[in-house]
>>> print(open('coords-v6.cif').read())   # mmCIF, C-alpha atoms
data_upload
loop_
_atom_site.label_atom_id
_atom_site.label_comp_id
_atom_site.auth_asym_id
_atom_site.auth_seq_id
_atom_site.Cartn_x
_atom_site.Cartn_y
_atom_site.Cartn_z
CA MET W 1 0.00 0.00 0.00
CA THR W 2 2.97 2.34 0.38
CA LEU W 3 3.45 3.16 -3.32
CA PRO W 4 -0.27 3.67 -4.09
CA GLU W 5 -0.43 5.92 -1.03
CA PHE W 6 2.65 7.79 -2.20
CA PHE W 7 1.32 8.44 -5.72
CA GLY W 8 -2.18 9.20 -4.45
CA CYS W 9 -1.03 11.83 -1.97
CA THR W 10 1.41 13.28 -4.50
CA LEU W 11 -1.41 13.79 -6.99
CA VAL W 12 -3.69 15.24 -4.32
CA ALA W 13 -1.10 17.87 -3.42
CA PHE W 14 0.45 18.62 -6.80
CA GLY W 15 -2.11 17.47 -9.36
CA PRO W 16 -4.14 20.73 -9.52
CA PRO W 17 -1.02 22.99 -9.42
CA PHE W 18 0.61 20.89 -12.15
CA SER W 19 -2.53 21.26 -14.26
CA LEU W 20 -2.45 25.03 -13.76
CA PHE W 21 1.19 25.07 -14.81
CA VAL W 22 0.59 22.99 -17.95
CA PHE W 23 -2.45 24.90 -19.19
CA THR W 24 -1.56 28.46 -18.19
CA ILE W 25 2.23 28.77 -17.91
CA ALA W 26 4.15 26.04 -19.75
CA ASN W 27 3.64 27.54 -23.23
CA ASP W 28 5.07 30.96 -22.32
CA PRO W 29 8.84 31.20 -21.56
CA VAL W 30 8.41 34.52 -19.76
CA ARG W 31 5.85 33.05 -17.39
CA ILE W 32 8.13 30.10 -16.68
CA ILE W 33 10.99 32.47 -15.82
CA ILE W 34 8.74 34.50 -13.50
CA LEU W 35 7.52 31.33 -11.77
CA ILE W 36 11.10 30.12 -11.21
CA ALA W 37 12.15 33.57 -9.98
CA ALA W 38 9.26 33.63 -7.51
CA ALA W 39 10.25 30.19 -6.23
CA PHE W 40 13.81 31.46 -5.78
CA PHE W 41 12.60 34.44 -3.75
CA TRP W 42 10.60 32.09 -1.53
CA LEU W 43 13.78 30.08 -0.96
CA LEU W 44 15.56 33.27 0.05
CA SER W 45 12.86 33.94 2.63
CA LEU W 46 13.32 30.41 3.95
CA LEU W 47 17.08 30.98 4.17
CA LEU W 48 16.64 34.17 6.19
CA SER W 49 14.10 32.47 8.46
CA SER W 50 16.55 29.64 9.06
CA LEU W 51 19.39 32.05 9.84
CA LEU W 52 17.21 33.92 12.33
CA TRP W 53 16.11 30.67 13.96
CA PHE W 54 19.74 29.56 14.22
CA ALA W 55 20.87 32.90 15.67
CA VAL W 56 18.21 33.20 18.38
CA VAL W 57 19.27 30.23 20.48
CA PRO W 58 16.81 30.63 23.42
CA LEU W 59 13.78 30.44 21.09
CA ARG W 60 14.83 27.51 18.90
CA ASP W 61 12.35 25.21 20.62
CA VAL W 62 9.45 27.68 20.27
CA LEU W 63 7.85 26.72 16.97
CA ALA W 64 5.48 29.69 16.94
CA PHE W 65 8.45 32.06 16.90
CA GLY W 66 9.85 30.44 13.76
CA VAL W 67 6.45 30.32 12.07
CA VAL W 68 5.71 34.01 12.63
CA PHE W 69 9.03 35.24 11.29
CA SER W 70 8.91 32.80 8.40
CA VAL W 71 5.55 34.26 7.33
CA LEU W 72 6.83 37.83 7.69
CA PHE W 73 9.91 37.07 5.61
CA GLN W 74 7.76 35.45 2.93
CA GLU W 75 5.52 38.50 2.72
CA CYS W 76 8.55 40.80 2.54
CA PHE W 77 9.89 38.83 -0.40
CA ARG W 78 6.44 38.80 -2.00
CA TYR W 79 6.62 42.60 -1.88
CA ILE W 80 10.15 42.57 -3.31
CA ILE W 81 9.14 40.48 -6.30
CA TYR W 82 6.09 42.74 -6.75
CA ARG W 83 8.38 45.76 -6.98
CA ILE W 84 10.73 43.98 -9.38
CA LEU W 85 7.94 42.86 -11.70
CA ARG W 86 6.31 46.27 -11.76
CA SER W 87 9.63 47.98 -12.53
CA THR W 88 10.45 45.58 -15.37
CA GLU W 89 7.05 45.52 -17.08
CA GLN W 90 8.27 47.44 -20.13
CA GLY W 91 11.15 45.04 -20.65
CA LEU W 92 8.88 42.03 -20.22
CA HIS W 93 6.44 43.52 -22.73
CA ALA W 94 9.25 43.87 -25.26
CA VAL W 95 10.42 40.25 -25.03
CA ALA W 96 7.14 38.47 -24.27
CA GLU W 97 5.54 36.48 -27.07
CA ASP W 98 2.17 36.87 -25.35
CA THR W 99 1.78 40.54 -24.40
CA ARG W 100 -1.13 39.72 -22.10
CA VAL W 101 1.42 38.86 -19.43
CA THR W 102 2.09 42.58 -18.97
CA GLU W 103 -1.16 44.09 -20.23
CA ASN W 104 -3.10 42.12 -17.60
CA LYS W 105 -1.24 42.77 -14.36
CA HIS W 106 -3.09 40.01 -12.55
CA ILE W 107 -1.27 37.43 -14.69
CA LEU W 108 2.08 38.44 -13.20
CA ALA W 109 0.60 38.12 -9.72
CA TYR W 110 -0.91 34.74 -10.53
CA VAL W 111 2.31 33.30 -11.95
CA SER W 112 4.51 34.55 -9.12
CA GLY W 113 1.98 33.33 -6.55
CA LEU W 114 1.92 29.88 -8.09
CA GLY W 115 5.72 29.84 -7.97
CA PHE W 116 5.61 30.75 -4.28
CA GLY W 117 3.01 28.09 -3.64
CA ILE W 118 4.62 25.21 -5.51
CA ILE W 119 7.99 25.57 -3.81
CA SER W 120 6.29 26.05 -0.43
CA GLY W 121 4.21 22.91 -0.94
CA MET W 122 7.26 20.94 -2.04
CA PHE W 123 9.22 21.85 1.08
CA ALA W 124 6.21 21.12 3.29
CA LEU W 125 5.59 17.67 1.81
CA VAL W 126 8.82 16.28 0.36
CA ASN W 127 10.00 14.62 3.59
CA VAL W 128 6.55 13.17 4.19
CA LEU W 129 6.49 11.76 0.66
CA ALA W 130 9.93 10.24 1.16
CA ASP W 131 8.69 8.38 4.25
CA MET W 132 5.45 7.51 2.51
CA ALA W 133 7.24 5.49 -0.17
CA GLY W 134 7.91 2.72 2.33
CA PRO W 135 8.75 0.26 3.66
CA GLY W 136 6.51 1.09 6.64
CA THR W 137 3.19 2.87 6.86
CA MET W 138 1.29 5.05 9.31
CA GLY W 139 -0.89 3.63 12.04
CA LEU W 140 1.73 1.70 13.96
CA LYS W 141 2.87 2.67 17.48
CA GLY W 142 -0.07 4.97 18.04
CA GLY W 143 0.23 6.89 14.76
CA THR W 144 -2.80 7.98 12.81
CA GLU W 145 -3.68 6.64 9.37
CA ILE W 146 -4.85 10.02 8.07
CA PHE W 147 -1.55 11.82 8.60
CA PHE W 148 -0.38 11.42 5.00
CA ILE W 149 -3.60 12.42 3.27
CA THR W 150 -3.99 15.34 5.69
CA SER W 151 -0.47 16.53 4.90
CA ALA W 152 -1.20 16.30 1.16
CA ALA W 153 -4.45 18.23 1.51
CA GLN W 154 -2.69 20.86 3.61
CA ALA W 155 0.04 21.24 0.97
CA LEU W 156 -2.60 21.73 -1.75
CA ALA W 157 -4.32 24.39 0.34
CA ILE W 158 -1.12 26.35 0.91
CA ILE W 159 -0.19 26.20 -2.80
CA LEU W 160 -3.56 27.61 -3.84
CA LEU W 161 -3.53 30.14 -1.01
CA HIS W 162 -0.16 31.53 -2.11
CA THR W 163 -1.58 31.95 -5.61
CA PHE W 164 -4.65 33.79 -4.30
CA TRP W 165 -2.61 35.84 -1.83
CA SER W 166 -0.31 37.15 -4.57
CA ILE W 167 -3.24 38.25 -6.73
CA ILE W 168 -4.77 40.12 -3.79
CA PHE W 169 -1.40 41.44 -2.59
CA PHE W 170 -0.27 42.85 -5.94
CA ASN W 171 -3.65 44.46 -6.61
CA ALA W 172 -3.70 45.92 -3.09
CA PHE W 173 -0.43 47.76 -3.67
CA ASP W 174 -1.57 48.89 -7.11
CA THR W 175 -4.73 50.40 -5.60
CA ASN W 176 -3.36 51.33 -2.13
CA ASN W 177 -5.85 48.98 -0.49
CA TYR W 178 -4.18 48.46 2.88
CA GLY W 179 -7.07 46.39 4.16
CA HIS W 180 -6.33 43.69 1.59
CA ILE W 181 -2.62 43.81 2.47
CA ALA W 182 -3.50 43.27 6.12
CA TYR W 183 -5.83 40.42 5.14
CA VAL W 184 -3.08 38.64 3.21
CA VAL W 185 -0.55 38.90 6.03
CA GLY W 186 -3.12 38.13 8.74
CA SER W 187 -4.63 35.10 6.99
CA HIS W 188 -1.15 33.80 6.18
CA LEU W 189 -0.21 34.02 9.85
CA PHE W 190 -3.50 32.40 10.87
CA VAL W 191 -3.18 29.47 8.48
CA SER W 192 0.46 28.89 9.34
CA LEU W 193 -0.04 29.02 13.11
CA LEU W 194 -2.96 26.62 12.85
CA THR W 195 -0.58 23.95 11.56
CA LEU W 196 1.01 23.86 15.02
CA LEU W 197 -2.07 21.92 16.13
CA ASN W 198 -0.84 19.01 14.02
CA ALA W 199 1.64 18.24 16.79
CA ASP W 200 -1.36 17.14 18.88
CA ALA W 201 -2.91 15.25 15.95
CA LEU W 202 -5.73 17.81 15.70
CA TYR W 203 -5.77 17.52 11.92
CA TRP W 204 -9.41 18.45 11.34
CA ALA W 205 -9.00 21.53 13.53
CA THR W 206 -6.21 22.56 11.16
CA LEU W 207 -7.56 21.45 7.81
CA LEU W 208 -11.16 22.65 8.00
CA PRO W 209 -10.38 26.30 8.89
CA ASN W 210 -7.59 26.35 6.31
CA TYR W 211 -9.93 25.30 3.53
CA ILE W 212 -12.54 27.81 4.66
CA VAL W 213 -9.87 30.53 4.47
CA MET W 214 -8.77 29.18 1.08
CA ILE W 215 -12.29 29.41 -0.35
CA LEU W 216 -12.84 32.92 1.01
CA THR W 217 -9.44 34.03 -0.28
CA GLY W 218 -10.15 32.49 -3.68
CA VAL W 219 -13.43 34.39 -3.92
CA LEU W 220 -11.68 37.63 -2.96
CA ALA W 221 -8.89 37.02 -5.50
CA PHE W 222 -11.50 36.31 -8.18
CA LYS W 223 -13.24 39.58 -7.33
CA VAL W 224 -10.12 41.77 -7.36
CA ALA W 225 -9.09 40.20 -10.68
CA GLY W 226 -12.29 41.53 -12.22
CA GLY W 227 -14.53 38.51 -11.76
CA SER W 228 -18.23 38.71 -11.04
CA ALA W 229 -21.16 36.41 -10.40
CA ARG W 230 -22.12 36.75 -14.05
CA SER W 231 -18.68 35.80 -15.34
CA ALA W 232 -18.53 32.88 -12.91
CA LYS W 233 -21.87 31.63 -14.16
CA ARG W 234 -20.74 31.94 -17.78
CA PHE W 235 -17.59 29.97 -16.95
CA ILE W 236 -19.54 27.19 -15.26
CA MET W 237 -21.98 27.03 -18.17
CA CYS W 238 -19.03 27.09 -20.65
CA GLN W 239 -20.49 30.08 -22.45
#
>>> encode(input="coords-v6.cif", output="structure tokens")
Amino acid sequence: MTLPEFFGCTLVAFGPPFSLFVFTIANDPVRIIILIAAAFFWLLSLLLSSLLWFAVVPLRDVLAFGVVFSVLFQECFRYIIYRILRSTEQGLHAVAEDTRVTENKHILAYVSGLGFGIISGMFALVNVLADMAGPGTMGLKGGTEIFFITSAAQALAIILLHTFWSIIFFNAFDTNNYGHIAYVVGSHLFVSLLTLLNADALYWATLLPNYIVMILTGVLAFKVAGGSARSAKRFIMCQ
């Protein structure tokens, strides 16, 4: 059962993001570069978080401390890549085969957010997937059987949330909407701190609120990107 579980959880976590990549990014070299650059900036935020955790010796065992500063570093680097993309729009427009990538500013936010999310999900799940491949399985010695699928579902949520957060975040700075900026940072902190409950095997207390936040954030991202109830209905009806 280890390999079926491995492939199943991998597809749960990375199937939808991979589909988004294939259908919306893979055919445009500029979008691929932006996605990789965003992933690199997320790695830089992880590096700074690790250095801070290593430097502050008395708080190394306080997980909440590391989580809070990790989120703050991620949001700082989200702002940095926002500034870089906005300052290089003319250059991107000149080299892009599909000029929509610069004419529609939400596309840049979407691509960079997906880059943030994919690398974040990979780091959150890669060690779990390595253990999932065998030879043992969960449920022995008091472990819970839903740990793997819960971890995969959590990784999917954080990937999609990063995508939605970037759309909201970029638009908020474009329009000086500080309420949306506060929502992005606050919901990111909330979702991340909730994962600390996993240490007590309170998986549903973590997963359910996270998916509620993900749905609300997705609706808000859809709205700030210009979506409406009418356009959503036309999409569902394939009109």
>>> resolve_selection(input="coords-v6.cif", expression="the PyMOL selection byres ((chain W and resi 159) around 8)", output="MDAnalysis selection string")
chainID W and resid 17 114 116:118 120:121 155:158 160:163
>>> residues_around(input="coords-v6.cif", residues="Leu47 in chain W", least_positions_apart="5", cutoff="10 Å", atoms="all atoms listed in the file", output="count of residues only")
6
>>> resolve_selection(input="coords-v6.cif", expression="the PyMOL selection byres ((chain W and resi 26-34) around 10)", output="JSON, numbers by chain")
{"W": [18, 19, 20, 21, 22, 23, 24, 25, 35, 36, 37, 38, 39, 40, 81, 85, 92, 93, 95, 96, 97, 98, 101, 107, 108, 109, 110, 111, 112, 113, 114, 115]}
>>> atom_distance(input="coords-v6.cif", atom1="CA of Phe170 in chain W", atom2="CA of Gly226 in chain W")
13.6 Å
>>> atom_distance(input="coords-v6.cif", atom1="CA of Glu89 in chain W", atom2="CA of Asn171 in chain W")
15.0 Å
>>> residues_around(input="coords-v6.cif", residues="range 184-192 of chain W", least_positions_apart="6", cutoff="12 Å", atoms="only C-alpha atoms", output="PDB file with C-alpha atoms, in the frame of the given file")
ATOM      1  CA  LEU W  63       7.850  26.720  16.970  1.00  0.00           C
ATOM      2  CA  ALA W  64       5.480  29.690  16.940  1.00  0.00           C
ATOM      3  CA  PHE W  65       8.450  32.060  16.900  1.00  0.00           C
ATOM      4  CA  GLY W  66       9.850  30.440  13.760  1.00  0.00           C
ATOM      5  CA  VAL W  67       6.450  30.320  12.070  1.00  0.00           C
ATOM      6  CA  VAL W  68       5.710  34.010  12.630  1.00  0.00           C
ATOM      7  CA  PHE W  69       9.030  35.240  11.290  1.00  0.00           C
ATOM      8  CA  SER W  70       8.910  32.800   8.400  1.00  0.00           C
ATOM      9  CA  VAL W  71       5.550  34.260   7.330  1.00  0.00           C
ATOM     10  CA  LEU W  72       6.830  37.830   7.690  1.00  0.00           C
ATOM     11  CA  PHE W  73       9.910  37.070   5.610  1.00  0.00           C
ATOM     12  CA  GLN W  74       7.760  35.450   2.930  1.00  0.00           C
ATOM     13  CA  GLU W  75       5.520  38.500   2.720  1.00  0.00           C
ATOM     14  CA  CYS W  76       8.550  40.800   2.540  1.00  0.00           C
ATOM     15  CA  ARG W  78       6.440  38.800  -2.000  1.00  0.00           C
ATOM     16  CA  TYR W  79       6.620  42.600  -1.880  1.00  0.00           C
ATOM     17  CA  SER W 120       6.290  26.050  -0.430  1.00  0.00           C
ATOM     18  CA  ALA W 124       6.210  21.120   3.290  1.00  0.00           C
ATOM     19  CA  GLN W 154      -2.690  20.860   3.610  1.00  0.00           C
ATOM     20  CA  ALA W 155       0.040  21.240   0.970  1.00  0.00           C
ATOM     21  CA  ALA W 157      -4.320  24.390   0.340  1.00  0.00           C
ATOM     22  CA  ILE W 158      -1.120  26.350   0.910  1.00  0.00           C
ATOM     23  CA  ILE W 159      -0.190  26.200  -2.800  1.00  0.00           C
ATOM     24  CA  LEU W 161      -3.530  30.140  -1.010  1.00  0.00           C
ATOM     25  CA  HIS W 162      -0.160  31.530  -2.110  1.00  0.00           C
ATOM     26  CA  THR W 163      -1.580  31.950  -5.610  1.00  0.00           C
ATOM     27  CA  PHE W 164      -4.650  33.790  -4.300  1.00  0.00           C
ATOM     28  CA  TRP W 165      -2.610  35.840  -1.830  1.00  0.00           C
ATOM     29  CA  SER W 166      -0.310  37.150  -4.570  1.00  0.00           C
ATOM     30  CA  ILE W 167      -3.240  38.250  -6.730  1.00  0.00           C
ATOM     31  CA  ILE W 168      -4.770  40.120  -3.790  1.00  0.00           C
ATOM     32  CA  PHE W 169      -1.400  41.440  -2.590  1.00  0.00           C
ATOM     33  CA  PHE W 170      -0.270  42.850  -5.940  1.00  0.00           C
ATOM     34  CA  ASN W 171      -3.650  44.460  -6.610  1.00  0.00           C
ATOM     35  CA  ALA W 172      -3.700  45.920  -3.090  1.00  0.00           C
ATOM     36  CA  PHE W 173      -0.430  47.760  -3.670  1.00  0.00           C
ATOM     37  CA  ASN W 177      -5.850  48.980  -0.490  1.00  0.00           C
ATOM     38  CA  TYR W 178      -4.180  48.460   2.880  1.00  0.00           C
ATOM     39  CA  ASN W 198      -0.840  19.010  14.020  1.00  0.00           C
ATOM     40  CA  ALA W 205      -9.000  21.530  13.530  1.00  0.00           C
ATOM     41  CA  THR W 206      -6.210  22.560  11.160  1.00  0.00           C
ATOM     42  CA  LEU W 207      -7.560  21.450   7.810  1.00  0.00           C
ATOM     43  CA  LEU W 208     -11.160  22.650   8.000  1.00  0.00           C
ATOM     44  CA  PRO W 209     -10.380  26.300   8.890  1.00  0.00           C
ATOM     45  CA  ASN W 210      -7.590  26.350   6.310  1.00  0.00           C
ATOM     46  CA  TYR W 211      -9.930  25.300   3.530  1.00  0.00           C
ATOM     47  CA  ILE W 212     -12.540  27.810   4.660  1.00  0.00           C
ATOM     48  CA  VAL W 213      -9.870  30.530   4.470  1.00  0.00           C
ATOM     49  CA  MET W 214      -8.770  29.180   1.080  1.00  0.00           C
ATOM     50  CA  LEU W 216     -12.840  32.920   1.010  1.00  0.00           C
ATOM     51  CA  THR W 217      -9.440  34.030  -0.280  1.00  0.00           C
ATOM     52  CA  GLY W 218     -10.150  32.490  -3.680  1.00  0.00           C
ATOM     53  CA  LEU W 220     -11.680  37.630  -2.960  1.00  0.00           C
ATOM     54  CA  ALA W 221      -8.890  37.020  -5.500  1.00  0.00           C
TER      55      ALA W 221
END
>>> closest_residue(input="coords-v6.cif", among="W:Ala130, W:Val62, W:Ala152, W:Ile236", to="Thr2 in chain W", atoms="only C-alpha atoms")
W:Ala130
>>> atom_distance(input="coords-v6.cif", atom1="CA of Leu48 in chain W", atom2="CA of Phe77 in chain W")
10.5 Å
